[in-house]
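Engineer: Got upload_14.txt for you, compact mmCIF, C-alpha atoms:
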# COMPACT_ATOMS: atom_id res chain seq x y z
CA MET A 1 -5.66 20.60 0.07
CA ASN A 2 -8.08 17.71 -0.36
CA GLU A 3 -6.95 14.10 0.10
CA LYS A 4 -5.89 13.53 -3.51
CA GLU A 5 -4.03 16.82 -3.71
CA ASN A 6 -2.20 15.72 -0.55
CA VAL A 7 -1.20 12.48 -2.26
CA LEU A 8 0.06 14.32 -5.34
CA HIS A 9 2.04 16.73 -3.18
CA GLN A 10 3.55 14.22 -0.75
CA PHE A 11 4.42 11.53 -3.26
CA GLY A 12 5.48 13.92 -5.99
CA LYS A 13 8.20 15.46 -3.86
CA ASN A 14 9.30 12.13 -2.33
CA ALA A 15 8.94 9.82 -5.36
CA GLY A 16 12.58 8.81 -5.54
CA LYS A 17 12.63 7.70 -1.91
CA TYR A 18 9.90 5.15 -2.56
CA VAL A 19 11.90 3.36 -5.25
CA THR A 20 14.77 2.77 -2.81
CA SER A 21 12.69 2.36 0.38
CA HIS A 22 13.48 -1.04 1.93
CA GLY A 23 9.91 -1.43 3.19
CA HIS A 24 8.58 -1.08 -0.34
CA ALA A 25 11.38 -2.66 -2.37
CA LYS A 26 11.74 -5.76 -0.19
CA GLY A 27 9.66 -7.78 2.23
CA ALA A 28 8.11 -11.20 2.68
CA ASP A 29 4.78 -9.90 1.37
CA LEU A 30 6.29 -8.98 -2.01
CA ALA A 31 8.01 -12.37 -2.25
CA ILE A 32 4.77 -14.20 -1.46
CA LEU A 33 2.79 -12.12 -3.96
CA THR A 34 5.35 -13.02 -6.63
CA GLU A 35 5.06 -16.72 -5.81
CA ILE A 36 1.27 -16.56 -6.04
CA VAL A 37 1.22 -15.00 -9.51
CA LYS A 38 3.76 -17.50 -10.81
CA GLY A 39 1.04 -20.12 -10.68
CA GLN A 40 -1.54 -18.02 -12.51
CA SER A 41 -2.31 -18.02 -16.19
CA GLY A 42 -3.21 -14.91 -18.11
CA GLU A 43 -1.90 -12.21 -20.37
CA GLN A 44 -2.89 -8.95 -18.69
CA ALA A 45 -2.08 -7.73 -15.17
CA LEU A 46 -2.76 -4.40 -13.48
CA ASP A 47 -0.89 -2.93 -10.51
CA ILE A 48 -2.96 -0.16 -8.92
CA ALA A 49 -1.11 2.70 -7.17
CA THR A 50 2.19 1.21 -8.31
CA GLY A 51 4.33 3.71 -6.38
CA GLY A 52 7.97 2.88 -7.00
CA GLY A 53 6.89 0.04 -9.32
CA HIS A 54 8.07 -2.85 -7.16
CA VAL A 55 5.05 -5.11 -7.73
CA ALA A 56 4.88 -4.37 -11.47
CA ASN A 57 8.59 -5.13 -11.69
CA ALA A 58 8.24 -8.41 -9.77
CA ILE A 59 5.33 -9.76 -11.82
CA ALA A 60 6.49 -8.55 -15.25
CA PRO A 61 8.12 -11.91 -16.14
CA PHE A 62 4.80 -13.76 -15.78
CA TYR A 63 2.48 -11.71 -18.01
CA GLU A 64 2.42 -10.56 -21.60
CA THR A 65 1.62 -7.03 -20.44
CA VAL A 66 1.59 -5.37 -17.03
CA THR A 67 -0.08 -1.99 -16.57
CA ALA A 68 1.33 0.14 -13.75
CA LEU A 69 -1.14 2.82 -12.67
CA ASP A 70 -0.51 5.69 -10.28
CA LEU A 71 -2.09 9.04 -9.47
CA THR A 72 1.26 10.83 -9.29
CA PRO A 73 3.13 11.56 -12.56
CA LYS A 74 6.50 11.91 -10.79
CA MET A 75 6.03 8.49 -9.19
CA LEU A 76 5.32 6.96 -12.60
CA GLU A 77 8.50 8.52 -13.98
CA LYS A 78 10.58 6.95 -11.20
CA ALA A 79 8.81 3.59 -11.57
CA LYS A 80 9.47 3.63 -15.32
CA GLU A 81 13.17 4.33 -14.78
CA PHE A 82 13.35 1.51 -12.23
CA ILE A 83 11.46 -1.13 -14.20
CA GLU A 84 12.95 -0.42 -17.63
CA GLY A 85 16.36 -0.21 -15.96
CA ASN A 86 15.80 -3.84 -14.99
CA GLY A 87 15.24 -4.74 -18.63
CA TYR A 88 11.44 -5.09 -18.74
CA GLN A 89 9.76 -3.61 -21.80
CA ASN A 90 6.28 -5.13 -21.29
CA VAL A 91 5.08 -2.64 -18.67
CA ASN A 92 2.73 0.22 -19.57
CA PHE A 93 2.59 3.30 -17.33
CA VAL A 94 -0.77 5.03 -16.90
CA GLN A 95 -1.71 8.00 -14.76
CA GLY A 96 -5.06 7.37 -13.13
CA ASP A 97 -7.19 7.23 -10.03
CA ALA A 98 -7.69 3.97 -8.12
CA GLU A 99 -11.30 4.99 -7.49
CA SER A 100 -12.06 5.57 -11.19
CA LEU A 101 -9.94 3.20 -13.26
CA PRO A 102 -9.56 4.13 -16.96
CA PHE A 103 -10.02 0.55 -18.22
CA SER A 104 -12.83 -1.52 -19.68
CA ASP A 105 -14.77 -4.13 -17.73
CA GLU A 106 -13.12 -7.52 -17.13
CA HIS A 107 -9.89 -6.49 -18.82
CA PHE A 108 -7.27 -8.01 -16.48
CA HIS A 109 -6.50 -11.57 -15.44
CA THR A 110 -4.74 -10.36 -12.28
CA VAL A 111 -5.06 -7.11 -10.33
CA THR A 112 -2.72 -6.13 -7.49
CA CYS A 113 -2.44 -3.25 -5.05
CA ARG A 114 0.25 -3.05 -2.37
CA ILE A 115 0.76 -0.64 0.56
CA ALA A 116 -1.47 2.06 -0.92
CA PRO A 117 -5.18 1.85 -0.03
CA HIS A 118 -4.68 3.64 3.29
CA HIS A 119 -4.31 6.75 1.10
CA PHE A 120 -7.66 6.24 -0.68
CA PRO A 121 -10.56 8.45 0.50
CA ASN A 122 -13.20 6.01 -0.80
CA VAL A 123 -12.08 2.41 -0.36
CA ASN A 124 -15.49 1.10 -1.40
CA LEU A 125 -15.13 2.72 -4.83
CA PHE A 126 -11.61 1.31 -5.14
CA ILE A 127 -12.86 -2.23 -4.47
CA GLN A 128 -15.78 -1.79 -6.88
CA GLU A 129 -13.39 -0.62 -9.58
CA ALA A 130 -10.91 -3.44 -8.93
CA HIS A 131 -13.79 -5.92 -9.17
CA ARG A 132 -15.10 -4.33 -12.37
CA VAL A 133 -11.81 -4.54 -14.29
CA THR A 134 -10.96 -8.08 -13.13
CA MET A 135 -12.05 -10.94 -15.37
CA ALA A 136 -14.47 -13.52 -13.99
CA GLY A 137 -12.31 -16.07 -12.19
CA GLY A 138 -9.45 -13.58 -12.06
CA LEU A 139 -7.25 -12.84 -9.10
CA PHE A 140 -7.11 -9.76 -6.89
CA ILE A 141 -4.17 -9.51 -4.47
CA LEU A 142 -4.40 -6.73 -1.92
CA ILE A 143 -1.69 -5.81 0.60
CA ASP A 144 -1.91 -2.93 3.03
CA ASN A 145 -1.01 -1.79 6.50
CA VAL A 146 -3.88 -2.67 8.82
CA ALA A 147 -5.10 -1.26 12.12
CA PRO A 148 -5.72 -3.42 15.20
CA GLU A 149 -9.25 -4.64 15.81
CA GLN A 150 -9.60 -2.76 19.14
CA ASP A 151 -10.94 0.74 18.52
CA GLU A 152 -8.53 2.56 20.84
CA TYR A 153 -5.51 0.93 19.18
CA ASP A 154 -7.00 1.56 15.73
CA GLN A 155 -7.38 5.27 16.55
CA PHE A 156 -3.86 5.56 17.94
CA TYR A 157 -2.23 3.86 14.96
CA ASN A 158 -4.11 5.99 12.44
CA MET A 159 -3.31 9.13 14.43
CA VAL A 160 0.41 8.30 14.31
CA GLU A 161 0.32 7.64 10.57
CA LYS A 162 -1.70 10.78 9.81
CA LYS A 163 0.67 13.04 11.75
CA ARG A 164 3.63 11.66 9.83
CA ASP A 165 1.91 11.69 6.45
CA PRO A 166 -0.91 14.14 5.64
CA SER A 167 -1.89 11.98 2.65
CA HIS A 168 -2.70 9.05 4.96
CA TYR A 169 -6.48 8.59 5.03
CA ARG A 170 -7.14 5.47 7.09
CA ALA A 171 -5.69 2.01 7.60
CA LEU A 172 -8.59 -0.41 7.88
CA LYS A 173 -8.94 -3.36 10.22
CA LYS A 174 -8.53 -6.86 8.75
CA THR A 175 -12.21 -7.62 9.39
CA GLU A 176 -13.23 -4.48 7.51
CA TRP A 177 -11.24 -5.53 4.47
CA MET A 178 -12.72 -9.03 4.50
CA ALA A 179 -16.28 -7.71 4.75
CA LYS A 180 -15.77 -5.17 1.96
CA LEU A 181 -14.14 -7.64 -0.42
CA GLU A 182 -16.83 -10.26 0.07
CA LYS A 183 -19.64 -7.72 -0.17
CA GLU A 184 -18.36 -6.59 -3.57
CA GLY A 185 -18.27 -10.14 -4.95
CA PHE A 186 -14.75 -11.40 -4.30
CA ARG A 187 -14.18 -14.78 -2.68
CA ILE A 188 -11.28 -14.62 -0.24
CA GLU A 189 -8.98 -17.58 -0.79
CA SER A 190 -6.41 -16.75 1.88
CA MET A 191 -5.16 -14.05 4.20
CA MET A 192 -1.84 -13.70 5.97
CA THR A 193 -0.34 -11.04 8.20
CA PHE A 194 3.15 -9.61 8.60
CA GLU A 195 4.70 -7.74 11.48
CA LYS A 196 6.26 -4.45 10.37
CA THR A 197 8.94 -2.70 12.37
CA PHE A 198 9.13 1.01 11.67
CA MET A 199 12.45 2.66 12.49
CA PHE A 200 11.13 6.01 13.64
CA ASP A 201 13.74 8.35 12.14
CA GLN A 202 13.85 6.64 8.74
CA TRP A 203 10.06 6.28 8.65
CA TRP A 204 9.59 9.98 9.41
CA ASP A 205 12.30 11.19 7.01
CA MET A 206 10.53 9.48 4.07
CA MET A 207 8.00 12.31 4.06
CA GLY A 208 10.31 15.29 4.56
CA LEU A 209 8.07 17.12 7.04
CA PRO A 210 9.22 19.84 9.49
CA LEU A 211 11.25 18.82 12.54
CA LYS A 212 8.76 20.46 14.92
CA GLU A 213 6.05 18.08 13.70
CA LYS A 214 8.36 15.15 14.36
CA GLU A 215 8.93 16.42 17.92
CA LYS A 216 5.18 16.65 18.51
CA LEU A 217 4.63 13.08 17.37
CA ASN A 218 7.58 11.83 19.43
CA GLN A 219 5.99 13.44 22.48
CA ASP A 220 2.57 11.92 21.73
CA MET A 221 4.10 8.47 21.46
CA ILE A 222 6.28 8.61 24.57
CA SER A 223 3.23 9.86 26.51
CA ALA A 224 1.12 6.85 25.50
CA SER A 225 -0.24 4.43 28.08
CA LYS A 226 1.69 1.31 29.07
CA GLU A 227 -0.90 -0.77 27.24
CA MET A 228 -0.42 1.28 24.07
CA MET A 229 3.37 1.05 24.34
CA LYS A 230 3.10 -2.72 24.65
CA GLN A 231 0.60 -3.08 21.81
CA PHE A 232 2.87 -1.29 19.34
CA SER A 233 6.19 -2.39 20.87
CA ILE A 234 7.30 1.25 21.11
CA LYS A 235 11.03 1.29 21.88
CA LEU A 236 12.53 4.36 23.56
CA LYS A 237 16.02 5.66 24.21
CA ASN A 238 16.67 8.93 26.04
CA GLU A 239 13.03 9.98 25.64
CA ARG A 240 13.20 9.39 21.90
CA VAL A 241 11.15 6.85 19.95
CA GLN A 242 13.53 4.45 18.26
CA SER A 243 11.02 2.11 16.66
CA PHE A 244 7.48 0.78 16.83
CA GLN A 245 5.63 -2.13 15.34
CA GLY A 246 2.64 -2.32 13.06
CA GLU A 247 1.06 -4.96 10.89
CA SER A 248 0.21 -5.49 7.23
CA ALA A 249 -2.12 -8.03 5.72
CA LEU A 250 -2.16 -9.80 2.36
CA PHE A 251 -5.54 -10.88 0.94
CA VAL A 252 -5.82 -13.25 -1.99
CA ALA A 253 -9.28 -12.93 -3.50
CA ARG A 254 -10.91 -14.26 -6.66
CA LYS A 255 -13.73 -12.72 -8.65
CA LYS A 256 -16.71 -15.04 -8.71
Reformat the file's structure so that it appears as structure tokens.
Structural biologist:
Amino acid sequence: MNEKENVLHQFGKNAGKYVTSHGHAKGADLAILTEIVKGQSGEQALDIATGGGHVANAIAPFYETVTALDLTPKMLEKAKEFIEGNGYQNVNFVQGDAESLPFSDEHFHTVTCRIAPHHFPNVNLFIQEAHRVTMAGGLFILIDNVAPEQDEYDQFYNMVEKKRDPSHYRALKKTEWMAKLEKEGFRIESMMTFEKTFMFDQWWDMMGLPLKEKEKLNQDMISASKEMMKQFSIKLKNERVQSFQGESALFVARKK
């Protein structure tokens, strides 16, 4: 399977889990994103790779129309159930690709994308498309898991994520995101980071992969160097990984 077929497969079969996932449904990053858009004016918002629909649901009260886009039809079905179950009728659901958005130029006042770009094979195209559909002066809020700046830690983190989720492509470093956003024509207004604690068993079970693959990854992680264990705060009990720590970043950018 290619990368996008992997996404369709993995998220199609696990769509329901993402609606109820604490890491997606809650979090300081989602609360801050909501506070940011409260102060914005505009009628149209777009949430790219909406997943379980948590961002679209959170920002629905502040816009005339919110468009929730996702590559996976099953994910859109679950997001629709969730959002309309909360009483919002101003959200449109569109199947589409983040790297080829089916919208006209400068159509949206606000564009968001949360905890998804590490699945995108061509992040540059994604940023170009987000820039294209955002109105001049409009807001782009990007949140994603990020890799450490040191190459060896970057490689380890992405290895861990890829073994747990075949649809994982790459988590970028914070500096890579900043360079790409500015190169495309966004002005970064602010950036903040969040520590993320992954409870190993729950994190793994989200994807429903074979137990033998879980055992392999557990072994890889408990065999890591002391420096690596410290970097990711890998907690062990009886030779089993209990948890580890990563990081996400929130970028607030405006189209010039």
Engineer: Which residues come within 8 Å of Gly96 (chain A), counting all atoms listed in the file, excluding same-chain residues fewer than 4 positions away, as a PyMOL selection string?
Structural biologist: chain A and resi 69-71+100-102
Engineer: CA of Leu125 (chain A) and CA of Lys180 (chain A) are how many Å apart?
Structural biologist: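 The value is 10.4 Å.
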Engineer: Determine, counting all atoms listed in the file, which protein, DNA and RNA residues have an atom within 6 Å of an atom of region 136-142 of chain A; residues of the same chain fewer than 3 positions away are not included. Present the result as a list in words.
Structural biologist: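 Surrounding residues, per the criterion: His109, Thr110, Val111, Thr112, Cys113, Arg114, Leu250, Phe251, Val252, Ala253, Arg254, Lys255 and Lys256 of chain A.
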Engineer: Give as a list of chain:residue names each residue that has an atom at most 10 Å from (-1.7, -16.0, 5.8) in the file, counting only C-alpha atoms.
Structural biologist: A:Asp29, A:Ile32, A:Glu189, A:Ser190, A:Met191, A:Met192, A:Thr193, A:Phe194, A:Ala249, A:Leu250, A:Phe251, A:Val252
Engineer: Give me, as a CSV table (one decimal) with C-alpha atoms, in the coordinates of the input, all polymer residues having an atom no more than 10 Å from Met159 (chain A), counting only C-alpha atoms and skipping those fewer than 5 positions away in the same chain.
Structural biologist:
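Below is the file that was written, result33.csv:
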chain,number,residue,atom,x,y,z
A,153,TYR,CA,-5.5,0.9,19.2
A,154,ASP,CA,-7.0,1.6,15.7
A,164,ARG,CA,3.6,11.7,9.8
A,165,ASP,CA,1.9,11.7,6.4
A,168,HIS,CA,-2.7,9.0,5.0
A,169,TYR,CA,-6.5,8.6,5.0
A,170,ARG,CA,-7.1,5.5,7.1
A,217,LEU,CA,4.6,13.1,17.4
A,220,ASP,CA,2.6,11.9,21.7
Engineer: Show which residues sit within 9 Å of Phe62 (chain A), as a list of chain:residue names. Count only C-alpha atoms, and ignore same-chain residues fewer than 2 positions away.
Structural biologist: A:Val37, A:Lys38, A:Gly39, A:Gln40, A:Ser41, A:Gly42, A:Glu43, A:Ala58, A:Ile59, A:Ala60, A:Glu64, A:Thr65
Engineer: How many Å lie between CA of Lys235 (chain A) and CA of Asp151 (chain A), rounded to one decimal?
Structural biologist: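 Separating CA of Lys235 (chain A) from CA of Asp151 (chain A) is a distance of 22.2 Å.
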Engineer: Between A:Gln245, A:Pro148, A:Gln155, A:Gln44, single out the one closest to Lys196 (chain A), counting all atoms listed in the file.
Structural biologist: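 With all atoms listed in the file as the atom set, the closest residue is A:Gln245.
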Engineer: List the neighbours of region 119-122 of chain A out to 9 Å using all atoms listed in the file; skip same-chain residues closer than 2 positions along the sequence, and give me the result as a ChimeraX atom specification.
Structural biologist: /A:3-4,7,98-99,115-117,124-126,167-171
Engineer: How would the residues just picked look written out with C-alpha atoms as a short mmCIF file (atom, residue, chain, number, x, y, z; two decimals), in the frame of the given file?
Structural biologist:
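Below you can see again-v7.cif, which holds the result:
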data_model
loop_
_atom_site.label_atom_id
_atom_site.label_comp_id
_atom_site.auth_asym_id
_atom_site.auth_seq_id
_atom_site.Cartn_x
_atom_site.Cartn_y
_atom_site.Cartn_z
CA GLU A 3 -6.95 14.10 0.10
CA LYS A 4 -5.89 13.53 -3.51
CA VAL A 7 -1.20 12.48 -2.26
CA ALA A 98 -7.69 3.97 -8.12
CA GLU A 99 -11.30 4.99 -7.49
CA ILE A 115 0.76 -0.64 0.56
CA ALA A 116 -1.47 2.06 -0.92
CA PRO A 117 -5.18 1.85 -0.03
CA ASN A 124 -15.49 1.10 -1.40
CA LEU A 125 -15.13 2.72 -4.83
CA PHE A 126 -11.61 1.31 -5.14
CA SER A 167 -1.89 11.98 2.65
CA HIS A 168 -2.70 9.05 4.96
CA TYR A 169 -6.48 8.59 5.03
CA ARG A 170 -7.14 5.47 7.09
CA ALA A 171 -5.69 2.01 7.60
#
Engineer: Measure the distance from CA of Val133 (chain A) to CA of His107 (chain A) in Å and round it to one decimal.
Structural biologist: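 Taking CA of Val133 (chain A) and CA of His107 (chain A), their separation equals 5.3 Å.
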Engineer: Would you save region 112-135 of chain A from the block above with N, CA and C atoms, as a PDB file, in the first residue's frame?
Structural biologist:
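Full text of selection_11.pdb as output:
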ATOM      1  N   THR A 112      -7.597  25.439   9.875  1.00  0.00           N
ATOM      2  CA  THR A 112      -6.956  24.722  10.978  1.00  0.00           C
ATOM      3  C   THR A 112      -6.566  23.320  10.532  1.00  0.00           C
ATOM      4  N   CYS A 113      -5.593  22.757  11.241  1.00  0.00           N
ATOM      5  CA  CYS A 113      -5.205  21.366  11.028  1.00  0.00           C
ATOM      6  C   CYS A 113      -4.507  20.896  12.302  1.00  0.00           C
ATOM      7  N   ARG A 114      -5.044  19.835  12.914  1.00  0.00           N
ATOM      8  CA  ARG A 114      -4.550  19.411  14.230  1.00  0.00           C
ATOM      9  C   ARG A 114      -4.221  17.909  14.254  1.00  0.00           C
ATOM     10  N   ILE A 115      -3.010  17.619  14.683  1.00  0.00           N
ATOM     11  CA  ILE A 115      -2.523  16.245  14.908  1.00  0.00           C
ATOM     12  C   ILE A 115      -2.766  15.359  13.684  1.00  0.00           C
ATOM     13  N   ALA A 116      -2.363  15.877  12.511  1.00  0.00           N
ATOM     14  CA  ALA A 116      -2.558  15.114  11.274  1.00  0.00           C
ATOM     15  C   ALA A 116      -1.395  15.178  10.294  1.00  0.00           C
ATOM     16  N   PRO A 117      -0.683  16.304  10.179  1.00  0.00           N
ATOM     17  CA  PRO A 117       0.301  16.405   9.092  1.00  0.00           C
ATOM     18  C   PRO A 117       1.418  15.365   9.117  1.00  0.00           C
ATOM     19  N   HIS A 118       1.650  14.715  10.255  1.00  0.00           N
ATOM     20  CA  HIS A 118       2.675  13.666  10.251  1.00  0.00           C
ATOM     21  C   HIS A 118       2.260  12.469   9.403  1.00  0.00           C
ATOM     22  N   HIS A 119       1.023  12.465   8.909  1.00  0.00           N
ATOM     23  CA  HIS A 119       0.560  11.425   7.983  1.00  0.00           C
ATOM     24  C   HIS A 119       0.701  11.857   6.517  1.00  0.00           C
ATOM     25  N   PHE A 120       1.044  13.120   6.261  1.00  0.00           N
ATOM     26  CA  PHE A 120       1.026  13.628   4.890  1.00  0.00           C
ATOM     27  C   PHE A 120       2.348  13.344   4.179  1.00  0.00           C
ATOM     28  N   PRO A 121       2.326  12.685   3.027  1.00  0.00           N
ATOM     29  CA  PRO A 121       3.573  12.402   2.307  1.00  0.00           C
ATOM     30  C   PRO A 121       4.273  13.657   1.781  1.00  0.00           C
ATOM     31  N   ASN A 122       3.494  14.691   1.432  1.00  0.00           N
ATOM     32  CA  ASN A 122       4.092  15.904   0.871  1.00  0.00           C
ATOM     33  C   ASN A 122       3.609  17.117   1.653  1.00  0.00           C
ATOM     34  N   VAL A 123       4.327  17.432   2.712  1.00  0.00           N
ATOM     35  CA  VAL A 123       3.941  18.543   3.590  1.00  0.00           C
ATOM     36  C   VAL A 123       4.019  19.875   2.856  1.00  0.00           C
ATOM     37  N   ASN A 124       4.965  20.008   1.934  1.00  0.00           N
ATOM     38  CA  ASN A 124       5.076  21.263   1.192  1.00  0.00           C
ATOM     39  C   ASN A 124       3.806  21.549   0.396  1.00  0.00           C
ATOM     40  N   LEU A 125       3.254  20.518  -0.245  1.00  0.00           N
ATOM     41  CA  LEU A 125       1.999  20.695  -0.985  1.00  0.00           C
ATOM     42  C   LEU A 125       0.857  21.067  -0.051  1.00  0.00           C
ATOM     43  N   PHE A 126       0.808  20.425   1.112  1.00  0.00           N
ATOM     44  CA  PHE A 126      -0.213  20.741   2.114  1.00  0.00           C
ATOM     45  C   PHE A 126      -0.158  22.217   2.503  1.00  0.00           C
ATOM     46  N   ILE A 127       1.028  22.724   2.779  1.00  0.00           N
ATOM     47  CA  ILE A 127       1.168  24.130   3.186  1.00  0.00           C
ATOM     48  C   ILE A 127       0.788  25.060   2.030  1.00  0.00           C
ATOM     49  N   GLN A 128       1.210  24.706   0.816  1.00  0.00           N
ATOM     50  CA  GLN A 128       0.841  25.516  -0.348  1.00  0.00           C
ATOM     51  C   GLN A 128      -0.672  25.584  -0.506  1.00  0.00           C
ATOM     52  N   GLU A 129      -1.334  24.442  -0.330  1.00  0.00           N
ATOM     53  CA  GLU A 129      -2.784  24.397  -0.471  1.00  0.00           C
ATOM     54  C   GLU A 129      -3.485  25.167   0.655  1.00  0.00           C
ATOM     55  N   ALA A 130      -2.987  25.028   1.869  1.00  0.00           N
ATOM     56  CA  ALA A 130      -3.563  25.789   2.988  1.00  0.00           C
ATOM     57  C   ALA A 130      -3.417  27.289   2.734  1.00  0.00           C
ATOM     58  N   HIS A 131      -2.266  27.690   2.229  1.00  0.00           N
ATOM     59  CA  HIS A 131      -2.029  29.105   1.919  1.00  0.00           C
ATOM     60  C   HIS A 131      -2.969  29.570   0.805  1.00  0.00           C
ATOM     61  N   ARG A 132      -3.128  28.747  -0.202  1.00  0.00           N
ATOM     62  CA  ARG A 132      -3.966  29.115  -1.352  1.00  0.00           C
ATOM     63  C   ARG A 132      -5.414  29.374  -0.958  1.00  0.00           C
ATOM     64  N   VAL A 133      -5.979  28.535  -0.101  1.00  0.00           N
ATOM     65  CA  VAL A 133      -7.416  28.655   0.218  1.00  0.00           C
ATOM     66  C   VAL A 133      -7.695  29.643   1.352  1.00  0.00           C
ATOM     67  N   THR A 134      -6.647  30.149   1.992  1.00  0.00           N
ATOM     68  CA  THR A 134      -6.818  31.128   3.069  1.00  0.00           C
ATOM     69  C   THR A 134      -6.882  32.534   2.486  1.00  0.00           C
ATOM     70  N   MET A 135      -7.831  33.327   2.953  1.00  0.00           N
ATOM     71  CA  MET A 135      -7.940  34.712   2.508  1.00  0.00           C
ATOM     72  C   MET A 135      -6.727  35.524   2.957  1.00  0.00           C
TER      73      MET A 135
END
